[in-house]
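Participant: For reference, the file input-v3.cif (mmCIF, C-alpha atoms) is included below:
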data_query
loop_
_atom_site.label_atom_id
_atom_site.label_comp_id
_atom_site.auth_asym_id
_atom_site.auth_seq_id
_atom_site.Cartn_x
_atom_site.Cartn_y
_atom_site.Cartn_z
CA MET G 1171 96.82 126.70 54.31
CA THR G 1172 99.49 125.09 56.45
CA THR G 1173 102.71 124.05 54.80
CA GLU G 1174 105.21 121.62 56.25
CA ALA G 1175 107.52 124.53 57.03
CA ASN G 1176 105.00 126.05 59.42
CA PRO G 1177 105.26 125.44 63.16
CA ALA G 1178 102.58 123.24 64.75
CA GLY G 1179 99.44 125.22 65.44
CA TYR G 1180 100.57 128.26 63.49
CA THR G 1181 97.51 129.63 61.70
CA TYR G 1182 98.59 133.09 60.58
CA ASP G 1183 97.69 132.46 56.98
CA GLN G 1184 94.44 130.70 57.67
CA ASP G 1185 90.99 132.23 57.72
CA LEU G 1186 90.61 133.67 61.18
CA PRO G 1187 87.71 135.70 62.55
CA PRO G 1188 88.42 139.43 62.34
CA SER G 1189 89.85 140.94 65.53
CA PRO G 1190 87.41 142.94 67.67
CA VAL G 1191 90.17 145.58 67.70
CA SER G 1192 89.67 148.06 64.88
CA ARG G 1193 92.40 149.46 62.68
CA GLN G 1194 91.64 152.84 64.22
CA ARG G 1195 92.24 151.47 67.71
CA LEU G 1196 95.46 149.88 66.52
CA ASP G 1197 96.56 153.26 65.17
CA GLU G 1198 95.90 154.75 68.59
CA LEU G 1199 98.08 152.12 70.25
CA LEU G 1200 100.82 152.79 67.72
CA THR G 1201 100.55 156.47 68.64
CA ASP G 1202 100.84 155.54 72.33
CA VAL G 1203 104.18 153.83 71.67
CA MET G 1204 105.37 156.72 69.44
CA TRP G 1205 105.52 154.46 66.39
CA ALA G 1206 107.25 156.30 63.54
CA GLU G 1207 107.91 155.66 59.87
CA GLU G 1208 111.58 154.97 60.54
CA ASP G 1209 110.69 152.15 62.92
CA VAL G 1210 109.63 149.98 59.98
CA PRO G 1211 113.06 149.68 58.33
CA ALA G 1212 114.74 149.45 61.74
CA LEU G 1213 112.52 146.49 62.62
CA ARG G 1214 113.06 144.79 59.25
CA ARG G 1215 116.79 145.12 59.74
CA ALA G 1216 116.52 143.72 63.27
CA GLY G 1217 114.64 140.78 61.77
CA ALA G 1218 117.43 140.14 59.28
CA ILE G 1219 119.95 140.05 62.13
CA LEU G 1220 117.81 137.90 64.44
CA ALA G 1221 116.48 135.40 61.85
CA PRO G 1222 119.56 133.16 61.60
CA ARG G 1223 119.92 133.15 65.41
CA VAL G 1224 116.33 132.75 66.49
CA ALA G 1225 116.98 129.29 67.96
CA GLU G 1226 119.72 130.75 70.19
CA LEU G 1227 117.35 133.48 71.32
CA LEU G 1228 114.71 130.90 72.20
CA ASP G 1229 117.34 128.90 74.13
CA ILE G 1230 117.83 131.96 76.35
CA TRP G 1231 114.12 132.57 76.83
CA TYR G 1232 113.36 128.91 77.48
CA ASP G 1233 116.22 128.64 79.96
CA PHE G 1234 114.70 131.61 81.77
CA ILE G 1235 111.16 130.21 81.72
CA GLY G 1236 112.32 126.70 82.55
CA SER G 1237 114.26 127.86 85.59
CA THR G 1238 111.43 130.00 86.94
CA PRO G 1239 108.80 127.83 88.67
CA HIS G 1240 105.84 130.21 88.36
CA LEU G 1241 106.51 130.67 84.63
CA VAL G 1242 107.06 127.04 83.71
CA ALA G 1243 103.86 126.15 85.60
CA VAL G 1244 101.96 127.38 82.54
CA PHE G 1245 103.41 124.39 80.67
CA HIS G 1246 102.59 121.75 83.26
CA GLY G 1247 100.74 118.64 82.18
CA PRO G 1248 98.17 116.75 84.26
CA ASP G 1249 101.01 115.21 86.31
CA GLY G 1250 102.15 118.65 87.48
CA GLU G 1251 105.43 118.38 85.56
CA PRO G 1252 106.50 120.40 82.50
CA ASP G 1253 105.08 118.83 79.35
CA ALA G 1254 108.02 118.52 76.92
CA ASP G 1255 105.86 118.14 73.82
CA TYR G 1256 103.75 121.18 74.75
CA LEU G 1257 106.91 123.22 75.36
CA ALA G 1258 108.33 122.14 72.00
CA ARG G 1259 105.18 123.03 70.05
CA VAL G 1260 104.94 126.47 71.66
CA ARG G 1261 108.63 127.03 71.02
CA GLY G 1262 108.12 126.59 67.29
CA ARG G 1263 105.47 129.30 67.25
CA PHE G 1264 107.55 131.49 69.55
CA GLU G 1265 110.43 131.38 67.05
CA GLN G 1266 108.03 132.26 64.26
CA TRP G 1267 106.68 135.12 66.37
CA VAL G 1268 110.12 136.76 66.50
CA LEU G 1269 110.18 136.81 62.70
CA ASP G 1270 106.56 137.94 62.45
CA VAL G 1271 107.15 140.88 64.82
CA CYS G 1272 109.94 142.09 62.58
CA GLU G 1273 108.55 141.29 59.15
CA ARG G 1274 104.76 141.34 59.06
CA ARG G 1275 102.67 144.35 58.15
CA PHE G 1276 100.27 145.65 60.80
CA ASP G 1277 97.11 144.92 58.81
CA ASP G 1278 93.79 143.16 59.42
CA ARG G 1279 95.35 139.71 59.17
CA TRP G 1280 98.02 140.69 61.68
CA LEU G 1281 95.34 141.98 64.06
CA ALA G 1282 93.31 138.79 63.64
CA TYR G 1283 96.31 136.63 64.53
CA GLN G 1284 97.18 138.75 67.56
CA GLU G 1285 93.63 138.17 68.77
CA GLU G 1286 94.07 134.43 68.17
CA ILE G 1287 97.26 134.48 70.26
CA ALA G 1288 95.43 136.51 72.92
CA LEU G 1289 92.71 133.86 73.19
CA ARG G 1290 95.34 131.11 73.40
CA HIS G 1291 96.77 132.78 76.51
CA HIS G 1292 93.33 133.39 78.00
CA THR G 1293 90.97 130.75 79.39
CA THR G 1294 89.03 130.96 76.11
CA LYS G 1295 91.50 128.83 74.18
CA LYS G 1296 94.53 127.93 76.27
CA ASN G 1297 95.56 124.27 75.84
CA GLN G 1298 93.25 123.71 72.85
CA THR G 1299 95.74 124.36 70.06
CA ASP G 1300 98.19 121.82 71.44
CA GLY G 1301 95.62 119.34 72.72
CA VAL G 1302 97.04 119.36 76.22
CA GLU G 1303 95.28 118.86 79.54
CA SER G 1304 97.23 121.38 81.54
CA PRO G 1305 96.05 122.35 85.01
CA ALA G 1306 97.01 125.92 84.01
CA THR G 1307 93.77 127.26 82.56
CA HIS G 1308 95.34 130.54 81.42
CA VAL G 1309 98.59 132.46 81.30
CA PRO G 1310 98.43 134.99 84.15
CA MET G 1311 98.17 138.39 82.48
CA ALA G 1312 100.71 139.94 84.85
CA ASP G 1313 103.50 137.58 83.83
CA MET G 1314 102.64 137.84 80.15
CA LEU G 1315 102.96 141.61 80.32
CA ALA G 1316 106.05 141.70 82.53
CA LEU G 1317 107.96 139.62 79.99
CA VAL G 1318 108.23 142.74 77.83
CA VAL G 1319 111.42 143.42 79.80
CA PRO G 1320 113.44 140.23 79.19
CA VAL G 1321 112.14 140.02 75.62
CA THR G 1322 113.32 143.58 74.95
CA LEU G 1323 116.63 143.53 76.80
CA SER G 1324 117.78 140.10 75.67
CA ILE G 1325 117.80 140.91 71.95
CA ARG G 1326 120.25 143.78 72.39
CA PRO G 1327 123.45 141.66 72.41
CA PHE G 1328 122.26 139.91 69.24
CA LEU G 1329 121.66 143.25 67.54
CA GLN G 1330 125.04 144.53 68.68
CA GLU G 1331 126.84 141.47 67.42
CA GLY G 1332 125.06 141.50 64.08
CA ALA G 1333 125.14 145.23 63.41
CA THR G 1334 127.26 146.66 60.63
CA LYS G 1335 128.60 150.20 60.76
CA ASP G 1336 125.46 151.43 58.97
CA ASP G 1337 123.13 150.00 61.61
CA ASP G 1338 121.75 151.88 64.59
CA VAL G 1339 121.42 149.32 67.40
CA GLU G 1340 119.45 151.70 69.61
CA ALA G 1341 116.95 152.41 66.82
CA MET G 1342 116.49 148.69 66.13
CA ASN G 1343 116.04 147.89 69.80
CA GLN G 1344 113.51 150.71 70.25
CA ALA G 1345 111.48 149.61 67.21
CA TRP G 1346 111.40 146.08 68.65
CA PHE G 1347 110.35 147.40 72.08
CA LYS G 1348 107.50 149.36 70.50
CA ALA G 1349 106.26 146.47 68.36
CA VAL G 1350 106.48 143.93 71.20
CA THR G 1351 104.60 146.28 73.52
CA VAL G 1352 101.76 146.67 71.03
CA THR G 1353 101.48 142.91 70.57
CA LEU G 1354 101.46 142.25 74.33
CA VAL G 1355 98.82 144.93 74.81
CA LEU G 1356 96.70 143.29 72.10
CA TRP G 1357 97.12 139.93 73.85
CA SER G 1358 95.77 141.46 77.06
CA ARG G 1359 92.44 142.34 75.40
CA PRO G 1360 90.35 139.33 76.47
CA TYR G 1361 91.47 139.76 80.07
CA ALA G 1362 90.02 143.25 80.48
CA GLY G 1363 86.83 143.08 78.41
CA GLU G 1364 85.06 146.42 78.07
CA LEU G 1365 87.72 148.22 80.12
CA TRP G 1366 90.57 147.25 77.76
CA MET W 1141 99.39 162.47 107.37
CA THR W 1142 99.38 164.95 104.52
CA THR W 1143 101.83 167.81 104.61
CA GLU W 1144 101.62 170.96 102.54
CA ALA W 1145 104.47 169.71 100.40
CA ASN W 1146 102.45 166.73 99.20
CA PRO W 1147 100.60 166.81 95.89
CA ALA W 1148 96.79 166.93 96.03
CA GLY W 1149 95.35 163.48 96.53
CA TYR W 1150 98.69 161.87 97.29
CA THR W 1151 98.09 159.33 100.05
CA TYR W 1152 101.26 157.24 100.04
CA ASP W 1153 101.91 157.77 103.71
CA GLN W 1154 98.33 157.35 104.84
CA ASP W 1155 96.72 154.18 106.12
CA LEU W 1156 95.68 152.29 103.03
CA PRO W 1157 94.13 148.84 102.85
CA PRO W 1158 96.77 146.19 102.16
CA SER W 1159 97.16 145.25 98.51
CA PRO W 1160 95.58 141.97 97.41
CA VAL W 1161 98.96 141.30 95.76
CA SER W 1162 101.24 139.39 98.14
CA ARG W 1163 104.93 140.06 98.63
CA GLN W 1164 105.55 136.64 97.12
CA ARG W 1165 103.65 137.58 93.98
CA LEU W 1166 105.59 140.84 93.81
CA ASP W 1167 108.82 138.85 94.01
CA GLU W 1168 107.63 136.76 91.07
CA LEU W 1169 106.97 139.88 89.01
CA LEU W 1170 110.41 141.19 89.92
CA THR W 1171 111.84 137.89 88.69
CA ASP W 1172 109.86 138.28 85.44
CA VAL W 1173 111.56 141.62 84.77
CA MET W 1174 114.99 140.23 85.77
CA TRP W 1175 115.24 142.61 88.72
CA ALA W 1176 118.74 142.44 90.18
CA GLU W 1177 120.52 143.84 93.21
CA GLU W 1178 122.42 146.33 91.08
CA ASP W 1179 119.17 147.83 89.79
CA VAL W 1180 118.56 149.47 93.16
CA PRO W 1181 121.57 151.82 93.12
CA ALA W 1182 121.08 152.46 89.38
CA LEU W 1183 117.50 153.54 90.03
CA ARG W 1184 118.47 155.71 93.01
CA ARG W 1185 121.07 157.43 90.85
CA ALA W 1186 118.50 157.92 88.07
CA GLY W 1187 116.25 159.53 90.65
CA ALA W 1188 118.98 161.95 91.70
CA ILE W 1189 119.42 162.99 88.06
CA LEU W 1190 115.70 163.26 87.30
CA ALA W 1191 114.57 164.95 90.53
CA PRO W 1192 115.62 168.53 89.70
CA ARG W 1193 114.14 168.18 86.18
CA VAL W 1194 110.91 166.39 86.90
CA ALA W 1195 108.82 169.39 85.81
CA GLU W 1196 110.54 169.35 82.40
CA LEU W 1197 109.85 165.65 82.08
CA LEU W 1198 106.19 166.21 82.87
CA ASP W 1199 106.08 169.00 80.27
CA ILE W 1200 107.10 166.43 77.66
CA TRP W 1201 104.60 163.82 78.80
CA TYR W 1202 101.76 166.34 79.11
CA ASP W 1203 102.51 167.76 75.66
CA PHE W 1204 102.26 164.23 74.32
CA ILE W 1205 99.01 163.45 76.18
CA GLY W 1206 97.53 166.86 75.42
CA SER W 1207 98.15 166.53 71.70
CA THR W 1208 96.73 163.00 71.49
CA PRO W 1209 92.91 163.10 71.48
CA HIS W 1210 92.27 159.56 72.74
CA LEU W 1211 94.69 160.09 75.66
CA VAL W 1212 93.50 163.52 76.74
CA ALA W 1213 89.90 162.23 76.64
CA VAL W 1214 90.61 160.62 80.01
CA PHE W 1215 90.85 164.15 81.45
CA HIS W 1216 87.64 165.49 79.93
CA GLY W 1217 85.14 167.22 82.14
CA PRO W 1218 81.35 167.05 81.75
CA ASP W 1219 81.57 169.57 78.89
CA GLY W 1220 83.73 167.21 76.84
CA GLU W 1221 86.77 169.50 77.11
CA PRO W 1222 90.01 168.85 79.02
CA ASP W 1223 89.57 169.82 82.67
CA ALA W 1224 92.55 172.03 83.53
CA ASP W 1225 92.22 171.62 87.28
CA TYR W 1226 91.98 167.83 86.97
CA LEU W 1227 95.05 167.79 84.72
CA ALA W 1228 96.97 169.94 87.21
CA ARG W 1229 96.12 167.77 90.20
CA VAL W 1230 97.11 164.57 88.39
CA ARG W 1231 100.30 166.23 87.22
CA GLY W 1232 101.38 166.84 90.80
CA ARG W 1233 101.02 163.17 91.62
CA PHE W 1234 102.66 162.18 88.34
CA GLU W 1235 105.76 164.20 89.28
CA GLN W 1236 105.79 162.56 92.68
CA TRP W 1237 105.46 159.15 91.00
CA VAL W 1238 108.73 159.68 89.12
CA LEU W 1239 110.51 160.21 92.43
CA ASP W 1240 108.69 157.34 94.11
CA VAL W 1241 109.64 154.89 91.33
CA CYS W 1242 113.28 155.76 91.88
CA GLU W 1243 113.41 156.15 95.62
CA ARG W 1244 110.82 154.03 97.41
CA ARG W 1245 111.39 150.54 98.70
CA PHE W 1246 109.22 147.78 97.27
CA ASP W 1247 107.50 146.93 100.55
CA ASP W 1248 103.91 146.47 101.77
CA ARG W 1249 103.24 150.21 101.79
CA TRP W 1250 104.52 150.51 98.24
CA LEU W 1251 102.27 147.62 97.17
CA ALA W 1252 99.29 149.21 98.92
CA TYR W 1253 99.80 152.49 97.10
CA GLN W 1254 100.24 150.79 93.72
CA GLU W 1255 96.86 149.15 94.33
CA GLU W 1256 95.39 152.56 95.21
CA ILE W 1257 96.73 153.95 91.92
CA ALA W 1258 95.36 150.90 90.11
CA LEU W 1259 91.87 151.55 91.48
CA ARG W 1260 92.12 155.22 90.51
CA HIS W 1261 92.63 154.20 86.88
CA HIS W 1262 89.88 151.59 87.03
CA THR W 1263 86.13 152.27 87.25
CA THR W 1264 86.36 151.51 90.98
CA LYS W 1265 87.81 154.91 91.89
CA LYS W 1266 88.50 157.00 88.80
CA ASN W 1267 87.43 160.64 89.24
CA GLN W 1268 86.83 160.26 92.99
CA THR W 1269 90.20 161.51 94.23
CA ASP W 1270 89.92 164.75 92.31
CA GLY W 1271 86.15 165.18 92.68
CA VAL W 1272 85.59 165.45 88.94
CA GLU W 1273 82.58 164.42 86.89
CA SER W 1274 84.45 163.11 83.90
CA PRO W 1275 82.57 161.17 81.21
CA ALA W 1276 85.66 158.90 81.17
CA THR W 1277 84.77 156.23 83.71
CA HIS W 1278 88.18 154.55 83.53
CA VAL W 1279 91.58 154.75 81.89
CA PRO W 1280 91.56 152.17 79.09
CA MET W 1281 94.01 149.48 80.19
CA ALA W 1282 95.57 149.24 76.73
CA ASP W 1283 96.69 152.87 76.72
CA MET W 1284 97.89 152.72 80.31
CA LEU W 1285 100.11 149.76 79.47
CA ALA W 1286 101.35 151.06 76.12
CA LEU W 1287 102.69 154.18 77.80
CA VAL W 1288 105.57 152.10 79.13
CA VAL W 1289 107.31 152.98 75.86
CA PRO W 1290 107.25 156.80 75.95
CA VAL W 1291 107.83 156.78 79.70
CA THR W 1292 110.91 154.61 79.25
CA LEU W 1293 112.38 156.17 76.13
CA SER W 1294 111.82 159.81 77.11
CA ILE W 1295 113.95 159.70 80.24
CA ARG W 1296 117.06 158.59 78.35
CA PRO W 1297 118.14 162.09 77.20
CA PHE W 1298 117.77 163.34 80.78
CA LEU W 1299 119.94 160.51 82.06
CA GLN W 1300 122.51 161.14 79.35
CA GLU W 1301 122.66 164.84 80.08
CA GLY W 1302 122.93 164.31 83.83
CA ALA W 1303 125.34 161.39 83.83
CA THR W 1304 128.86 161.77 85.11
CA LYS W 1305 131.70 159.59 83.88
CA ASP W 1306 130.98 157.11 86.68
CA ASP W 1307 127.35 156.63 85.65
CA ASP W 1308 126.07 153.88 83.36
CA VAL W 1309 123.16 155.40 81.41
CA GLU W 1310 122.08 152.04 80.00
CA ALA W 1311 121.97 150.49 83.49
CA MET W 1312 119.92 153.41 84.85
CA ASN W 1313 117.50 153.27 81.93
CA GLN W 1314 117.07 149.51 82.27
CA ALA W 1315 116.41 149.75 86.01
CA TRP W 1316 113.77 152.40 85.30
CA PHE W 1317 112.21 150.24 82.56
CA LYS W 1318 111.98 147.29 84.94
CA ALA W 1319 110.49 149.30 87.81
CA VAL W 1320 107.96 151.09 85.58
CA THR W 1321 106.89 147.80 84.03
CA VAL W 1322 106.23 146.28 87.46
CA THR W 1323 104.18 149.30 88.54
CA LEU W 1324 102.10 149.27 85.34
CA VAL W 1325 101.50 145.55 85.70
CA LEU W 1326 100.33 146.14 89.28
CA TRP W 1327 98.01 148.88 88.03
CA SER W 1328 96.44 146.41 85.60
CA ARG W 1329 95.33 144.08 88.42
CA PRO W 1330 91.71 145.29 88.87
CA TYR W 1331 91.12 145.01 85.12
CA ALA W 1332 91.82 141.29 84.92
CA GLY W 1333 90.41 139.98 88.20
CA GLU W 1334 91.15 136.31 88.79
CA LEU W 1335 93.10 136.00 85.55
CA TRP W 1336 95.61 138.69 86.49
#
Mind converting the file's structure to structure tokens?
Facilitator:
Amino acid sequence: MTTEANPAGYTYDQDLPPSPVSRQRLDELLTDVMWAEEDVPALRRAGAILAPRVAELLDIWYDFIGSTPHLVAVFHGPDGEPDADYLARVRGRFEQWVLDVCERRFDDRWLAYQEEIALRHHTTKKNQTDGVESPATHVPMADMLALVVPVTLSIRPFLQEGATKDDDVEAMNQAWFKAVTVTLVLWSRPYAGELW
Amino acid sequence: MTTEANPAGYTYDQDLPPSPVSRQRLDELLTDVMWAEEDVPALRRAGAILAPRVAELLDIWYDFIGSTPHLVAVFHGPDGEPDADYLARVRGRFEQWVLDVCERRFDDRWLAYQEEIALRHHTTKKNQTDGVESPATHVPMADMLALVVPVTLSIRPFLQEGATKDDDVEAMNQAWFKAVTVTLVLWSRPYAGELW
């Protein structure tokens, strides 16, 4: 069910096919990133700090993407220019993603939506959700993965500015780094097939 | 040319085929991770701190891998048990990798050796370098990528302990994070083919 408050194309709460990634495999990935019980409250607290400033965060990320030709190429329309409507629709979901990383439980629904996002980066479903005719048939996996760095480093000033004396900025930033890494790894699944 | 000081199977300085990844594409990946001029000296300084303690660092990583069944499975021999000789040979190159990340220039030779490492994780060349008959035909890409987290977070205490008052631990750790991310992304190339 989509409510008016949901971003365009956001289908987290809809019936999605189950992810081909099992809960057991997810647990292994969480082990890989040294996920620990204390990461959950650290991430929730990060979410509380980031939530009121998520538009500012997206301004930074979109400035970065917009000023980097090989990244903005993913958003080109048929005329070879950035498609403003496409960028705006993705931005809405990107903002929601920040909140989802911090607040959602890692359950079957979460896995199913990560798979949906994976397919929307891959040739399988890119451009479909937003009804665009982009010459970019997929998001190159290399760029998608490399963005773990700006996405991790750029939230630190926000956490520092929003932290109270009871908050541990390093712990919040590490929990975010772990969670973002797991989501990016899940998004890489369709690219590697059996070798993922 | 291999000298006695080189780890088994380490072929950085040998004639390798050029990487299919161009210097231009490497520059794009460096842009993705916000690589900056000041990262070079930060990384060199990190290398100076880590070099005398690289065996300790590998102890930590190998304890982690060894105690994690789905990770150590990559090192199984035909009997389904961890192959001690295989582990030891890879460990030598892993130690060298820490130094190479910090000290090598990102040039054509560096790219060629990253591709060689990529193929040694992939079905193309896994097990060949060390002459093992492992039932693990490849390193699952998901685990390889997820290890960016422990590999980034675990060096921080070493940097803190080795830092002098003129060192910026955060800058060194960030430069390491960026460089490791680029190498892991390069290692993922054979897994994604045209969509990389």
Participant: Go through chain G residue by residue and, counting only C-alpha atoms, keep those with an atom at most 7 Å from chain W; for each kept residue give the shortest atom pair and its distance in Å to one decimal, ordered by chain and increasing number, as a Markdown table.
Facilitator:
| residue | atom | partner | partner_atom | distance |
| --- | --- | --- | --- | --- |
| G:Leu1199 | CA | W:Asp1283 | CA | 6.7 |
| G:Asp1202 | CA | W:Ala1286 | CA | 5.9 |
| G:Val1203 | CA | W:Val1289 | CA | 5.3 |
| G:Met1204 | CA | W:Pro1290 | CA | 6.8 |
| G:Pro1310 | CA | W:Trp1336 | CA | 5.2 |
| G:Met1311 | CA | W:Trp1336 | CA | 4.8 |
| G:Ala1312 | CA | W:Trp1336 | CA | 5.5 |
| G:Asp1313 | CA | W:Asp1172 | CA | 6.6 |
| G:Leu1315 | CA | W:Val1325 | CA | 6.8 |
| G:Ala1316 | CA | W:Asp1172 | CA | 5.9 |
| G:Leu1317 | CA | W:Asp1172 | CA | 5.9 |
| G:Val1319 | CA | W:Val1173 | CA | 5.3 |
| G:Pro1320 | CA | W:Val1173 | CA | 6.1 |
| G:Lys1348 | CA | W:Val1289 | CA | 6.5 |
| G:Thr1351 | CA | W:Ala1286 | CA | 6.3 |
| G:Val1352 | CA | W:Ala1286 | CA | 6.7 |
| G:Val1355 | CA | W:Ala1282 | CA | 5.7 |
| G:Tyr1361 | CA | W:Ala1332 | CA | 5.1 |
| G:Ala1362 | CA | W:Tyr1331 | CA | 5.1 |
| G:Leu1365 | CA | W:Pro1280 | CA | 5.6 |
| G:Trp1366 | CA | W:Met1281 | CA | 4.8 |
Participant: So that I can see what lies close to Trp1201 (chain W), please list as a list in words the residues with an atom at most 10 Å from it, counting only C-alpha atoms and leaving out residues fewer than 5 positions away in the same chain.
Facilitator: Ala1195, Glu1196, Gly1206, Ser1207, Arg1231, Phe1234, Leu1287, Pro1290, Val1291 and Ser1294 of chain W
Participant: Using only C-alpha atoms and a cutoff of 12 Å, can you tell me which residues are near (116.8, 163.5, 86.7) in the file's coordinates, and write them out as a PyMOL selection string?
Facilitator: chain W and resi 1183-1198+1235+1238-1239+1242+1294-1303+1309+1312-1313+1316
Participant: Just how far from CA of Glu1256 (chain W) is CA of Ser1274 (chain W), in Å to one decimal?
Facilitator: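 A separation of 18.9 Å between them.
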Participant: Can you pull out the residues contacting Trp1250 (chain W)? Cut-off 12 Å, using only C-alpha atoms, and skip same-chain residues under 3 positions away; I want them as a ChimeraX atom specification.
Facilitator: /W:1151-1159,1161-1163,1166,1237,1240-1241,1243-1247,1253-1257,1322-1323,1326
Participant: Have a look at CA of Gln1268 (chain W) and CA of Tyr1226 (chain W) and let me know their distance in Å, one decimal.
Facilitator: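 Distance between the two atoms: 11.0 Å.
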Participant: Given all atoms listed in the file as the basis, pick out the residue of W:Asp1223, W:Asp1203, W:Asp1248, W:Glu1310 nearest to Asp1270 (chain W).
Facilitator: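 Among the listed residues, the smallest separation from Asp1270 (chain W) belongs to W:Asp1223.
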Participant: So the first atom is CA of Ala1213 (chain W) and the second is CA of Ala1148 (chain W); what is the distance between them in Å, to one decimal place?
Facilitator: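 Atom-to-atom, CA of Ala1213 (chain W) and CA of Ala1148 (chain W) are spaced 21.1 Å apart.
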Participant: Translate the PyMOL selection byres ((chain G and resi 1249) around 12), as applied to the file shown, into an explicit residue set as a ChimeraX atom specification.
Facilitator: /G:1243,1245-1248,1250-1253,1302-1306
Participant: Output C-alpha atoms of each residue in that selection to a file, as a PDB file, in the frame of the given file.
Facilitator:
ATOM      1  CA  ALA G1243     103.860 126.150  85.600  1.00  0.00           C
ATOM      2  CA  PHE G1245     103.410 124.390  80.670  1.00  0.00           C
ATOM      3  CA  HIS G1246     102.590 121.750  83.260  1.00  0.00           C
ATOM      4  CA  GLY G1247     100.740 118.640  82.180  1.00  0.00           C
ATOM      5  CA  PRO G1248      98.170 116.750  84.260  1.00  0.00           C
ATOM      6  CA  GLY G1250     102.150 118.650  87.480  1.00  0.00           C
ATOM      7  CA  GLU G1251     105.430 118.380  85.560  1.00  0.00           C
ATOM      8  CA  PRO G1252     106.500 120.400  82.500  1.00  0.00           C
ATOM      9  CA  ASP G1253     105.080 118.830  79.350  1.00  0.00           C
ATOM     10  CA  VAL G1302      97.040 119.360  76.220  1.00  0.00           C
ATOM     11  CA  GLU G1303      95.280 118.860  79.540  1.00  0.00           C
ATOM     12  CA  SER G1304      97.230 121.380  81.540  1.00  0.00           C
ATOM     13  CA  PRO G1305      96.050 122.350  85.010  1.00  0.00           C
ATOM     14  CA  ALA G1306      97.010 125.920  84.010  1.00  0.00           C
TER      15      ALA G1306
END
